[in-house]
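Visitor: I am sharing coords_30.txt, which consists of compact mmCIF, C-alpha atoms and all ligand atoms:
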# COMPACT_ATOMS: atom_id res chain seq x y z
CA MET A 1 17.31 89.65 10.30
CA ALA A 2 14.61 87.13 9.50
CA ALA A 3 14.70 85.46 6.13
CA LEU A 4 11.96 86.94 3.96
CA GLN A 5 11.91 84.13 1.51
CA VAL A 6 12.15 80.38 1.69
CA GLN A 7 15.19 78.93 -0.01
CA LYS A 8 14.99 76.09 -2.51
CA VAL A 9 17.88 73.66 -2.33
CA ASP A 10 19.04 70.82 -4.52
CA ASP A 11 21.05 67.84 -3.35
CA ILE A 12 22.50 69.34 -0.17
CA THR A 13 24.14 66.93 2.25
CA TYR A 14 22.49 65.84 5.49
CA GLU A 15 25.12 67.79 7.43
CA GLU A 16 24.40 70.95 5.43
CA PHE A 17 20.69 70.55 6.12
CA MET A 18 21.31 70.12 9.84
CA GLU A 19 23.61 73.14 10.13
CA ASN A 20 21.83 75.59 7.86
CA PHE A 21 18.15 74.74 8.38
CA TYR A 22 17.41 72.16 11.06
CA LYS A 23 19.41 73.57 13.96
CA PRO A 24 18.40 77.22 13.41
CA GLY A 25 14.80 76.18 12.63
CA ILE A 26 14.53 77.68 9.14
CA PRO A 27 11.96 76.38 6.63
CA VAL A 28 13.37 75.10 3.36
CA VAL A 29 12.17 73.48 0.14
CA PHE A 30 14.11 70.50 -1.21
CA LYS A 31 13.79 70.24 -4.97
CA ASN A 32 14.75 66.59 -5.10
CA ALA A 33 14.64 64.92 -1.69
CA SER A 34 11.70 62.67 -2.60
CA LYS A 35 13.62 61.10 -5.47
CA VAL A 36 14.31 58.22 -3.05
CA TRP A 37 10.55 57.42 -2.99
CA LYS A 38 8.89 55.27 -5.65
CA ALA A 39 5.83 57.49 -5.11
CA ARG A 40 7.56 60.33 -6.90
CA GLY A 41 6.21 60.59 -10.43
CA LEU A 42 3.86 57.66 -9.76
CA PHE A 43 1.15 59.34 -7.69
CA THR A 44 -1.52 60.86 -9.93
CA PRO A 45 -5.31 61.09 -9.61
CA ASN A 46 -5.68 58.23 -12.11
CA TRP A 47 -3.19 56.03 -10.31
CA PHE A 48 -5.19 56.41 -7.08
CA ARG A 49 -8.49 55.84 -8.93
CA GLU A 50 -7.15 52.66 -10.48
CA ASN A 51 -5.48 51.23 -7.40
CA PHE A 52 -7.58 52.50 -4.51
CA GLY A 53 -10.80 53.75 -6.10
CA ASP A 54 -13.02 52.08 -3.51
CA LYS A 55 -11.23 53.31 -0.38
CA THR A 56 -13.49 55.61 1.57
CA ILE A 57 -12.93 58.74 3.57
CA GLU A 58 -15.15 60.93 5.72
CA LYS A 59 -15.06 64.69 5.31
CA ASN A 60 -17.43 67.09 7.07
CA GLY A 61 -19.78 64.21 7.90
CA VAL A 62 -19.95 62.92 4.30
CA ASN A 63 -18.39 59.66 3.08
CA TYR A 64 -16.50 59.73 -0.22
CA THR A 65 -14.72 57.06 -2.22
CA MET A 66 -11.25 57.80 -3.55
CA ARG A 67 -12.81 57.90 -7.03
CA GLU A 68 -15.28 60.58 -5.90
CA VAL A 69 -12.52 62.55 -4.18
CA MET A 70 -10.47 62.62 -7.39
CA ASP A 71 -13.50 63.66 -9.45
CA LEU A 72 -14.24 66.44 -6.97
CA VAL A 73 -10.74 67.87 -6.94
CA GLU A 74 -10.34 67.63 -10.69
CA ASN A 75 -13.60 69.55 -11.12
CA SER A 76 -12.82 72.03 -8.35
CA THR A 77 -12.49 75.73 -9.27
CA GLU A 78 -11.32 78.76 -7.32
CA ASP A 79 -14.91 80.03 -7.27
CA LYS A 80 -16.43 76.68 -6.31
CA PRO A 81 -13.64 74.82 -4.54
CA ALA A 82 -13.91 71.21 -3.47
CA PRO A 83 -13.64 70.69 0.31
CA TYR A 84 -10.01 70.83 1.50
CA PRO A 85 -8.14 68.85 2.62
CA PHE A 86 -9.16 65.25 2.00
CA ILE A 87 -6.88 63.23 4.26
CA PHE A 88 -6.11 59.51 4.02
CA ASP A 89 -4.15 58.10 6.96
CA ILE A 90 -1.42 55.92 5.45
CA PRO A 91 -0.78 53.32 8.18
CA THR A 92 -4.47 52.54 8.72
CA VAL A 93 -6.22 53.32 5.41
CA LEU A 94 -3.50 53.04 2.74
CA PRO A 95 -0.88 50.67 4.24
CA GLU A 96 -0.22 49.35 0.71
CA ILE A 97 1.64 52.54 -0.18
CA VAL A 98 4.10 52.40 2.74
CA PRO A 99 6.78 50.79 0.54
CA LEU A 100 6.37 53.65 -1.95
CA VAL A 101 7.26 56.28 0.66
CA THR A 102 10.29 54.46 2.06
CA PRO A 103 12.62 55.53 3.57
CA LEU A 104 10.09 57.86 5.09
CA ASN A 105 12.89 60.09 6.39
CA LEU A 106 14.20 60.83 2.84
CA ASN A 107 17.65 60.51 4.43
CA TYR A 108 17.14 64.01 5.89
CA ALA A 109 14.34 63.75 8.49
CA LYS A 110 16.44 61.91 11.04
CA PRO A 111 16.60 61.12 13.81
CA ASN A 112 12.83 60.65 13.99
CA TRP A 113 11.67 59.11 17.22
CA LEU A 114 8.13 58.87 15.82
CA GLU A 115 9.40 55.98 13.69
CA SER A 116 10.31 53.99 16.81
CA LYS A 117 7.99 51.41 18.31
CA TRP A 118 7.74 53.53 21.45
CA PHE A 119 5.78 56.30 19.75
CA LYS A 120 2.98 54.44 18.05
CA LYS A 121 1.72 56.14 14.90
CA GLY A 122 -1.46 58.12 15.26
CA TYR A 123 -0.84 59.20 18.86
CA TRP A 124 1.03 62.22 20.15
CA GLY A 125 -0.25 64.36 17.30
CA SER A 126 1.85 62.48 14.79
CA ALA A 127 0.50 61.31 11.46
CA THR A 128 1.63 60.09 8.07
CA GLU A 129 -1.04 61.11 5.64
CA VAL A 130 -1.97 61.66 2.02
CA PHE A 131 -3.48 65.12 1.44
CA ILE A 132 -5.67 65.57 -1.62
CA GLY A 133 -7.02 68.91 -2.81
CA GLY A 134 -8.24 70.91 -5.77
CA PRO A 135 -7.82 74.48 -6.99
CA GLY A 136 -9.09 77.00 -4.46
CA GLY A 137 -8.71 74.57 -1.55
CA LYS A 138 -7.51 76.48 1.50
CA PHE A 139 -6.19 74.93 4.68
CA PRO A 140 -8.85 76.10 7.15
CA TYR A 141 -6.59 78.19 9.38
CA LEU A 142 -3.18 79.63 10.01
CA HIS A 143 -1.63 77.43 12.69
CA VAL A 144 1.41 75.85 14.31
CA ASP A 145 1.39 72.06 14.37
CA TYR A 146 0.33 70.41 17.62
CA TYR A 147 2.96 69.00 19.98
CA HIS A 148 5.71 71.14 18.44
CA LEU A 149 6.46 68.49 15.82
CA ASN A 150 8.43 69.29 12.67
CA ALA A 151 6.35 68.81 9.54
CA TRP A 152 7.58 67.42 6.24
CA ILE A 153 5.26 68.03 3.31
CA ASN A 154 6.05 66.15 0.13
CA GLN A 155 4.31 67.51 -2.91
CA LEU A 156 3.89 64.61 -5.33
CA TYR A 157 1.32 65.92 -7.81
CA GLY A 158 0.32 69.50 -8.65
CA GLU A 159 1.33 72.73 -7.00
CA LYS A 160 0.45 74.31 -3.66
CA GLN A 161 1.10 77.75 -2.30
CA PHE A 162 2.36 77.84 1.26
CA THR A 163 2.54 80.77 3.64
CA VAL A 164 4.92 80.84 6.59
CA TYR A 165 5.83 83.57 9.08
CA PRO A 166 9.26 84.26 10.52
CA ARG A 167 9.54 83.20 14.17
CA GLY A 168 8.60 85.76 16.82
CA GLN A 169 5.47 87.21 15.16
CA GLU A 170 2.91 85.68 17.58
CA GLU A 171 1.70 89.06 18.75
CA PHE A 172 0.69 89.96 15.17
CA LEU A 173 -1.06 86.64 14.56
CA TYR A 174 -3.68 86.59 17.37
CA PRO A 175 -3.55 82.97 18.57
CA ASP A 176 -6.97 81.84 19.78
CA PRO A 177 -6.93 82.11 23.61
CA ASP A 178 -8.71 78.74 23.84
CA ASN A 179 -6.50 77.08 21.28
CA GLN A 180 -3.04 78.62 21.15
CA TRP A 181 -2.11 76.65 18.04
CA ILE A 182 -4.64 78.35 15.80
CA SER A 183 -4.67 81.98 14.66
CA GLN A 184 -7.93 83.92 14.67
CA VAL A 185 -6.90 85.79 11.52
CA ASN A 186 -8.23 84.64 8.16
CA ILE A 187 -5.01 85.28 6.29
CA PHE A 188 -6.73 84.97 2.92
CA GLU A 189 -9.02 87.91 3.84
CA PRO A 190 -7.60 89.60 6.96
CA ASP A 191 -10.00 91.73 9.03
CA TYR A 192 -7.66 94.59 10.00
CA ASP A 193 -10.31 96.29 12.17
CA LYS A 194 -10.46 93.25 14.39
CA PHE A 195 -6.79 92.29 14.10
CA PRO A 196 -4.91 95.56 13.48
CA LYS A 197 -1.47 94.23 14.44
CA TYR A 198 -1.68 91.68 11.63
CA LYS A 199 -0.54 94.59 9.42
CA ASN A 200 2.92 94.11 10.95
CA ALA A 201 3.10 90.43 10.10
CA THR A 202 5.35 89.52 7.18
CA PRO A 203 3.90 86.45 5.49
CA ILE A 204 6.23 84.63 3.13
CA HIS A 205 4.34 83.09 0.20
CA PHE A 206 5.93 80.50 -2.03
CA LYS A 207 4.98 77.63 -4.28
CA VAL A 208 5.87 74.01 -3.79
CA GLY A 209 5.62 71.93 -6.95
CA ALA A 210 5.45 68.24 -7.78
CA GLY A 211 8.55 66.42 -6.55
CA GLU A 212 9.45 69.11 -4.00
CA THR A 213 9.50 68.73 -0.22
CA LEU A 214 8.84 71.45 2.34
CA PHE A 215 10.41 71.25 5.80
CA ILE A 216 8.43 73.25 8.40
CA PRO A 217 10.34 73.49 11.70
CA PHE A 218 8.30 73.19 14.90
CA GLY A 219 6.69 76.38 16.09
CA THR A 220 6.51 77.90 12.58
CA TRP A 221 3.12 79.47 11.76
CA HIS A 222 1.88 78.25 8.38
CA SER A 223 -1.01 77.63 6.04
CA ALA A 224 -1.56 76.24 2.55
CA TYR A 225 -3.55 76.83 -0.63
CA SER A 226 -4.01 74.28 -3.38
CA LEU A 227 -3.37 75.79 -6.82
CA GLY A 228 -4.63 72.82 -8.83
CA PRO A 229 -5.46 69.18 -8.20
CA THR A 230 -2.80 68.19 -5.67
CA ILE A 231 -1.53 65.12 -3.89
CA SER A 232 0.98 65.33 -1.06
CA VAL A 233 2.31 63.10 1.68
CA ALA A 234 2.92 64.69 5.07
CA PHE A 235 4.75 63.24 8.06
CA ASP A 236 6.04 64.55 11.39
CA GLN A 237 9.36 64.44 13.19
CA LEU A 238 10.36 64.36 16.84
CA ASN A 239 13.76 64.05 18.46
CA GLN A 240 15.95 65.61 21.12
CA LYS A 241 15.64 69.08 19.57
CA ASN A 242 11.87 69.47 19.99
CA PHE A 243 11.41 66.95 22.81
CA LYS A 244 11.21 69.52 25.62
CA ASP A 245 8.50 71.53 23.83
CA PHE A 246 6.77 68.29 22.86
CA MET A 247 6.66 67.17 26.51
CA LYS A 248 5.17 70.48 27.60
CA ASP A 249 2.38 70.01 25.05
CA VAL A 250 1.83 66.40 26.17
CA TRP A 251 1.29 67.77 29.65
CA ASP A 252 -1.00 70.60 28.56
CA PHE A 253 -3.13 68.45 26.23
CA LYS A 254 -3.48 65.45 28.49
CA ASN A 255 -4.16 67.61 31.54
CA ARG A 256 -7.45 68.58 29.93
CA GLU A 257 -8.48 64.97 30.39
CA GLY A 258 -7.47 64.87 34.06
CA LYS A 259 -4.33 64.96 36.13
CA ALA A 260 -3.97 61.18 36.62
CA LYS A 261 -4.08 60.56 32.89
CA ALA A 262 -1.68 63.42 32.21
CA LEU A 263 0.82 62.04 34.72
CA ALA A 264 0.68 58.53 33.29
CA LEU A 265 1.06 59.66 29.68
CA TYR A 266 3.73 62.22 30.51
CA GLY A 267 5.68 59.50 32.30
CA TYR A 268 5.31 57.16 29.37
CA ALA A 269 6.37 59.77 26.78
CA TRP A 270 9.37 60.73 28.87
CA LEU A 271 10.53 57.10 29.10
CA ALA A 272 9.92 56.57 25.39
CA GLY A 273 12.06 59.62 24.64
CA GLN A 274 14.89 58.34 26.85
CA SER A 275 14.76 54.95 25.10
CA CYS A 276 15.02 56.58 21.68
CA LYS A 277 17.83 58.82 22.83
CA VAL A 278 19.83 55.87 24.16
CA SER A 279 19.16 53.47 21.30
CA ARG A 280 20.15 56.04 18.65
CA SER A 281 18.60 53.89 15.97
CA PHE A 282 16.11 56.45 14.67
O1 LIG B 1 -0.63 70.80 2.93
C1 LIG B 1 -1.40 71.43 3.64
O2 LIG B 1 -2.56 71.66 3.33
C2 LIG B 1 -0.93 71.91 4.99
C3 LIG B 1 -1.17 70.87 6.01
C4 LIG B 1 -0.82 71.27 7.40
O3 LIG B 1 -0.25 72.29 7.64
C5 LIG B 1 -1.18 70.39 8.52
O4 LIG B 1 -1.83 69.35 8.29
O5 LIG B 1 -0.82 70.68 9.66
FE FE B 2 0.40 72.26 9.72
Now, as a test, write the supplied structure out as structure tokens.
Guide:
Amino acid sequence: MAALQVQKVDDITYEEFMENFYKPGIPVVFKNASKVWKARGLFTPNWFRENFGDKTIEKNGVNYTMREVMDLVENSTEDKPAPYPFIFDIPTVLPEIVPLVTPLNLNYAKPNWLESKWFKKGYWGSATEVFIGGPGGKFPYLHVDYYHLNAWINQLYGEKQFTVYPRGQEEFLYPDPDNQWISQVNIFEPDYDKFPKYKNATPIHFKVGAGETLFIPFGTWHSAYSLGPTISVAFDQLNQKNFKDFMKDVWDFKNREGKAKALALYGYAWLAGQSCKVSRSF
């Protein structure tokens, strides 16, 4: 029987996390995991304005400064929402905050081969990013994350509503035939004439507040809705458990760019995975 709610846990051990959530692939919210980050309690719209006000970001073809982004999300309303999400890539755009989100793994998201030198950040669908949004901001589609990576979403300011679906509901969710990772259903306003089987889907809605961390196991369909001005830090995880599915995606994605390229990159990723497995340091 699929879980119809997402549990919130406080101070569980790493072993408990692995047994009860990681291995069976069950989403969970940690109430306190990010207490090991200096970012917790520190990240606010004003803190970003004061420290990084001039950093710029492009969204839908428009350039914004951090200051403008914060003004937009603080003035956003459900009726007239600011664009969502604004994303700042941490390693390239905000490297100064890396020490504030260390250890990235929170002592739970390990092993993480994406932290090894073999899997350079920004490739293979992996990213470590700051997400900024305002009330009414909706993630544009229901989806599973590319490359079958696990996602870790750390809510550091404000509250977001997440929606996840128990595994095995693909047939109710109408993945786009050209892009299997994205659902054709607008879950915020489902068109049941077009997507009648969506009636059988059992979305699980829950809120994730400041200081909380959501673990989304690979292959879990999900989406998000910003309930107020929000700041979160998201990162991905890869290891032995999702490596086989990851490799299949590497093949499928890279094959679109030609067989020779796919072979070379597949070979590289396979070797990188073996190195991580053997070194056991991630
Ligand atoms: O926090 C959110 O808006 C969800 C982000 C997400 O699911 C993604 O970037 O893949
Ligand atoms: Fe996602």
Visitor: Determine the nearest neighbour of Tyr84 in chain A from the options A:Gly273, A:Pro24, A:Pro203, A:Gly133, counting only C-alpha atoms.
Guide: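 Of the candidates, the smallest distance to Tyr84 in chain A is held by A:Gly133.
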Visitor: Please report the interatomic distance between CA of Pro103 in chain A and CA of Pro91 in chain A in Å with one decimal.
Guide: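 Separation of CA of Pro103 in chain A and CA of Pro91 in chain A: 14.3 Å.
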Visitor: Any residue with an atom at most 10 Å from ligand FE 2 (chain B) counts, using only C-alpha atoms and all ligand atoms. Which are they? Put them as a list in words.
Guide: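 With only C-alpha atoms and all ligand atoms and a cut-off of 10 Å, ligand FE 2 (chain B) is contacted by Phe139, Tyr141, Leu142, His143, Val144, Asp145, Tyr146, Leu149, Asn150, Ala151, Trp152, Ile153, Trp181, Ile182, Ile216, Phe218, Gly219, Thr220, Trp221, His222, Ser223, Ala224, Ala234 and Asp236 of chain A.
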Visitor: For those residues, write C-alpha atoms to a file as a PDB file, in the frame of the given file.
Guide:
ATOM      1  CA  PHE A 139      -6.190  74.930   4.680  1.00  0.00           C
ATOM      2  CA  TYR A 141      -6.590  78.190   9.380  1.00  0.00           C
ATOM      3  CA  LEU A 142      -3.180  79.630  10.010  1.00  0.00           C
ATOM      4  CA  HIS A 143      -1.630  77.430  12.690  1.00  0.00           C
ATOM      5  CA  VAL A 144       1.410  75.850  14.310  1.00  0.00           C
ATOM      6  CA  ASP A 145       1.390  72.060  14.370  1.00  0.00           C
ATOM      7  CA  TYR A 146       0.330  70.410  17.620  1.00  0.00           C
ATOM      8  CA  LEU A 149       6.460  68.490  15.820  1.00  0.00           C
ATOM      9  CA  ASN A 150       8.430  69.290  12.670  1.00  0.00           C
ATOM     10  CA  ALA A 151       6.350  68.810   9.540  1.00  0.00           C
ATOM     11  CA  TRP A 152       7.580  67.420   6.240  1.00  0.00           C
ATOM     12  CA  ILE A 153       5.260  68.030   3.310  1.00  0.00           C
ATOM     13  CA  TRP A 181      -2.110  76.650  18.040  1.00  0.00           C
ATOM     14  CA  ILE A 182      -4.640  78.350  15.800  1.00  0.00           C
ATOM     15  CA  ILE A 216       8.430  73.250   8.400  1.00  0.00           C
ATOM     16  CA  PHE A 218       8.300  73.190  14.900  1.00  0.00           C
ATOM     17  CA  GLY A 219       6.690  76.380  16.090  1.00  0.00           C
ATOM     18  CA  THR A 220       6.510  77.900  12.580  1.00  0.00           C
ATOM     19  CA  TRP A 221       3.120  79.470  11.760  1.00  0.00           C
ATOM     20  CA  HIS A 222       1.880  78.250   8.380  1.00  0.00           C
ATOM     21  CA  SER A 223      -1.010  77.630   6.040  1.00  0.00           C
ATOM     22  CA  ALA A 224      -1.560  76.240   2.550  1.00  0.00           C
ATOM     23  CA  ALA A 234       2.920  64.690   5.070  1.00  0.00           C
ATOM     24  CA  ASP A 236       6.040  64.550  11.390  1.00  0.00           C
TER      25      ASP A 236
END
Visitor: Produce the centre coordinates and the three edge lengths, each in Å to one decimal, of the box along x, y and z that contains all listed atoms of ligand LIG 1 (chain B) with 4 Å added on each side, as JSON.
Guide:
{"center_x": -1.4, "center_y": 70.8, "center_z": 6.3, "size_x": 10.3, "size_y": 10.9, "size_z": 14.7}
Visitor: If you measure from CA of Lys199 in chain A to CA of Ser226 in chain A, what distance in Å do you get, rounded to one decimal?
Guide: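 Calculated distance between CA of Lys199 in chain A and CA of Ser226 in chain A is 24.3 Å.
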Visitor: Can you pull out the residues contacting Ile57 in chain A? Cut-off 9 Å, using all atoms listed in the file, and skip same-chain residues under 2 positions away; I want them as a ChimeraX atom specification.
Guide: /A:55,59,62-66,69,86-88,93
Visitor: Calculated over only C-alpha atoms and all ligand atoms, which of the candidates A:Val98, A:Ile12, A:Leu42, A:Leu214 has the smallest distance to ligand LIG 1 (chain B)?
Guide: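 The shortest atom-to-atom distance to ligand LIG 1 (chain B) comes from A:Leu214.
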Visitor: Quick one: distance from CA of Ser34 in chain A to CA of Tyr147 in chain A in Å, one decimal?
Guide: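 Value for the CA of Ser34 in chain A-CA of Tyr147 in chain A distance: 25.0 Å.
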Visitor: Identify which of the residues A:Phe162, A:Phe21, A:Thr230, A:Trp113 lies closest to Val278 in chain A, counting all atoms listed in the file when measuring atom-to-atom distances.
Guide: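 For Val278 in chain A, the nearest of the given residues is A:Trp113.
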Visitor: Taking all atoms listed in the file into account, which of A:Glu159, A:Glu170, A:Glu189, A:Asp249 comes nearest ligand LIG 1 (chain B)?
Guide: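 That would be A:Glu159, the residue with the smallest distance to ligand LIG 1 (chain B).
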Visitor: Write out as an MDAnalysis selection string each polymer residue whose atoms come within 10 Å of Lys110 in chain A, counting only C-alpha atoms; drop sequence neighbours fewer than 3 positions from it.
Guide: chainID A and resid 14 18 104:107 113 115 237:239 281:282
Visitor: Name the residues within 10 Å of (9.3, 85.8, 14.2), counting all atoms listed in the file in the file's coordinates, and put them as a VMD selection string.
Guide: chain A and resid 1 to 3 165 to 172 201 to 202 219 to 221
Visitor: Check the smallest atom-to-atom distance from each of A:Val208, A:Ala39, A:Ile97, A:Ala272 to ligand LIG 1 (chain B) using all atoms listed in the file, then report the winner.
Guide: A:Val208
Visitor: With distances taken over all atoms listed in the file, which of A:Glu257, A:Asp191, A:Asp178, A:Glu129 is nearest to ligand LIG 1 (chain B)?
Guide: A:Glu129
Visitor: Report as JSON, numbers by chain all protein, DNA and RNA residues lying within 9 Å of Glu50 in chain A, evaluated on all atoms listed in the file, omitting residues in the same chain fewer than 4 positions from it.
Guide: {"A": [45, 46, 67]}
Visitor: Could you save those same residues with C-alpha atoms as a short mmCIF file (atom, residue, chain, number, x, y, z; two decimals), in the coordinates of the input?
Guide:
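Output (out30.cif):
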data_model
loop_
_atom_site.label_atom_id
_atom_site.label_comp_id
_atom_site.auth_asym_id
_atom_site.auth_seq_id
_atom_site.Cartn_x
_atom_site.Cartn_y
_atom_site.Cartn_z
CA PRO A 45 -5.31 61.09 -9.61
CA ASN A 46 -5.68 58.23 -12.11
CA ARG A 67 -12.81 57.90 -7.03
#
Visitor: Find the residues near Gln5 in chain A: any atom within 9 Å, counting only C-alpha atoms, skip ones fewer than 5 places away on the same chain, and give them as a JSON list (two decimals) with C-alpha atoms, keeping the file's coordinate frame.
Guide:
[["chain", "number", "residue", "atom", "x", "y", "z"],
["A", 204, "ILE", "CA", 6.23, 84.63, 3.13],
["A", 205, "HIS", "CA", 4.34, 83.09, 0.20],
["A", 206, "PHE", "CA", 5.93, 80.50, -2.03]]
Visitor: The residues within 7 Å of (14.5, 80.4, 3.5), using only C-alpha atoms and the coordinates of the file, should be reported as a list in words; which are they?
Guide: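 The distance filter leaves exactly Ala3, Gln5, Val6, Gln7, Ile26, Pro27 and Val28 of chain A.
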